[in-house]
Structure formats: C-alpha cells, structure tokens
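Have a look at the structure below, then the notes.
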Amino acid sequence: AIDPVRIDAAPTVDLRTLLPGCSEDAPVIAVIAQLLDRKGHRFLLEGLGGLRAKFPDLRVAFFGRGGLRKELETAVHAAGHADCVWFAGFRDDLLSLLPSVSVVVHPAVREGLGVSLLQAAAARVPVVGFATGGLTEAVVHEHTGLLVRVGDAVALSAAISRILADDELASRLGDNGRRR
C-alpha cells in the first residue's frame, strides 16, 4: 500500500517550523484524515485540555479537508485551543513532515484500512487509534501503537499521554512499525 523508500527519500521538514509559536522540542500530534464525522476528530478534542495540562507546548496538526472544517474550527476556538491546533488541509509534502511528528492519532469510529497509518509506521511514528475495522490490522496493539475502545475519549487521551511521556516506548513502537 505504501513505499517506505519514498518516505526515506523525502526531504525532512520539521513540522514545528510551520506551527506559529512552536518550540523546537514541542510534542506534535498529527491526525491525517478527511474532516468527516466518522474520522472522530471530536474525540481528540474532548481530551485535548487534559493533554495540554500535561504537555503545555503540545501542538496538533489536522491534515485533510472535509465538510466538518468550520464545525471543528468553531469547537477548537470555543475550547480555547486555537493557539495549539493547526488545520493544515491537504499537503503534498506529508511524507517530508511525518518524521517530525511525535504520534499519529486516528480516532476514526469506522475505517477500512488507514493508509496514513502505514505511512506513519514506515516513518517510525507510533500510532494511537480506536480498535475498529482495518485499524486492528494496520496497528498491532502494544507493538506498533496503541488501540483503545471505539469512542472512549478518556482512553484515547491516556494512550496519547503514555506515548508522549515515554520516549523509549515511542521509539520502540515506531521502530516496530517500520520493521512490520
């Protein structure tokens, strides 16, 4: 489904340099999915306050387009997260940006395969998502990423926090993803 050689050959661009006010060591979460209800962006937003309390420099990049953009932007502003969430849209340079992402989060409530998760694995980026559909084939729980019960925003935030707080775990999951 993906060619890891293309990821290796892509020039690396640190995503943090594109995020306003972002420090060079800030943790970065990426959600790579169309802005559609079934992709579950709202579950990440539900737990974002708690994540920011633990990781004050945290930044979130939403890659993708879709009909929910205005609704999601409104929710981000209403929750006071406009300073840390970036709506990146569709990017041709995603493969260049992936290596600088701390964790790819895929909170979809229904999913066929999730090619972005395979790209993340090839780039050695750990993945957190809901245990549904093709995600259970793309991500091996506790080996290449962490999977939690569908719709459980608290468990999703806890899994993200676990990876962000443990560099050794993040590295192990990322390396395992690349090998797989």
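In the structure tokens, the first chain shown is A, the next is B, and so on; residue numbers restart at 1 for each chain, and ligands run from 1 in the order shown.
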
Check: Which residues, written as a PyMOL selection string, have at least one atom at most 7 Å from region 178-180 of chain A, with only C-alpha atoms counted and residues fewer than 3 positions away on the same chain left out?
Finding: chain A and resi 121-124+174-175

Margin query: With only C-alpha atoms as the counted atoms, please give the residues lying no more than 10 Å from Glu137 (chain A), apart from itself and same-chain residues fewer than 6 positions off, as number ranges by chain.
Written below: A: 112-114, 131

Check: Smallest atom-to-atom distance to Glu46 (chain A): which of A:Ala159, A:Leu117, A:Val154, A:Leu58, using only C-alpha atoms?
Finding: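 Among the listed residues, the smallest separation from Glu46 (chain A) belongs to A:Val154.
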
Item checked: Nearby residues (only C-alpha atoms) at most 12 Å from Ile29 (chain A), same-chain spacing under 2 positions excluded, as a VMD selection string -> chain A and resid 15 to 16 19 26 to 27 31 to 32 41 44 to 45 48 51 to 52 55 57 to 63 84 to 86 97 to 106 120 125 to 128 157 160 to 161 163 to 164

Check: Which residue gives the smallest distance to Ala138 (chain A) among A:Ala158, A:Ala78, A:Gly151, A:Ser116, with only C-alpha atoms counted?
Finding: A:Ser116

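Residue nearest Val5 (chain A), chosen from A:Gly133, A:Leu95, A:Val150, A:Lys54 and counting only C-alpha atoms: A:Leu95.
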
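You can rank A:Leu173, A:Ala75, A:Val140, A:Pro107 by their closest distance to Asp152 (chain A) using only C-alpha atoms, and at the top of that list sits A:Pro107.
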
Next item on the list: For Arg6 (chain A), please output as a PyMOL selection string all residues within 12 Å (counting only C-alpha atoms; exclusion window: fewer than 3 positions along the same chain).
Entry: chain A and resi 2-3+9-12+93-96+119+122-123

Selected residues written out, N, CA and C atoms, as a short mmCIF file (atom, residue, chain, number, x, y, z; two decimals), in the first residue's frame:
data_model
loop_
_atom_site.label_atom_id
_atom_site.label_comp_id
_atom_site.auth_asym_id
_atom_site.auth_seq_id
_atom_site.Cartn_x
_atom_site.Cartn_y
_atom_site.Cartn_z
N ILE A 2 2.04 1.18 0.56
CA ILE A 2 2.94 2.35 0.59
C ILE A 2 4.35 1.89 0.27
N ASP A 3 5.18 2.83 -0.14
CA ASP A 3 6.56 2.54 -0.48
C ASP A 3 7.45 3.23 0.56
N ALA A 9 13.34 8.77 1.11
CA ALA A 9 13.92 9.69 0.13
C ALA A 9 13.36 11.11 0.24
N ALA A 10 12.24 11.27 0.92
CA ALA A 10 11.63 12.60 1.03
C ALA A 10 12.51 13.50 1.90
N PRO A 11 12.71 14.75 1.48
CA PRO A 11 13.48 15.66 2.32
C PRO A 11 12.71 15.91 3.62
N THR A 12 13.40 15.86 4.73
CA THR A 12 12.75 16.04 6.03
C THR A 12 12.54 17.52 6.32
N ASP A 93 3.40 17.54 0.84
CA ASP A 93 4.68 17.26 1.48
C ASP A 93 4.54 16.46 2.78
N LEU A 94 3.44 15.75 2.94
CA LEU A 94 3.19 14.99 4.17
C LEU A 94 4.33 14.03 4.49
N LEU A 95 4.86 13.34 3.49
CA LEU A 95 5.94 12.38 3.74
C LEU A 95 7.17 13.06 4.31
N SER A 96 7.41 14.32 3.95
CA SER A 96 8.53 15.08 4.49
C SER A 96 8.29 15.50 5.93
N GLN A 119 1.86 4.75 6.44
CA GLN A 119 2.89 5.76 6.19
C GLN A 119 3.57 6.16 7.49
N ALA A 122 5.93 3.43 8.54
CA ALA A 122 7.14 3.43 7.72
C ALA A 122 8.08 4.57 8.12
N ALA A 123 7.53 5.66 8.65
CA ALA A 123 8.33 6.80 9.10
C ALA A 123 8.74 6.67 10.56
#

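Note that the spacing between CA of Thr132 (chain A) and CA of Lys39 (chain A) amounts to 11.4 Å.
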
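Backbone DSSP over region 15-134 of chain A yields strand (DSSP E) at Val28, Ile29, Ala30, Val31, Ile32, Arg59, Val60, Ala61, Phe62, Phe63, Val85, Trp86, Phe87, Ala88, Gly89, Val103, Val104, Val105, His106, Val127, Val128, Gly129 and Phe130 of chain A.
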
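Candidate residues A:Ser23, A:Gly49, A:Leu135, A:Pro56 were compared for distance to Val76 (chain A), and the nearest is A:Gly49, using only C-alpha atoms.
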
Next item on the list: Report the distance between CA of Ser171 (chain A) and CA of Leu35 (chain A) in Å, rounded to one decimal place.
Entry: 28.6 Å

Note to self: Using DSSP secondary structure from the backbone, list all alpha helix (DSSP H) positions within region 31-138 of chain A, as a PyMOL selection string.
What the structure shows: chain A and resi 41-54+69-78+94-97+115-122+135-138
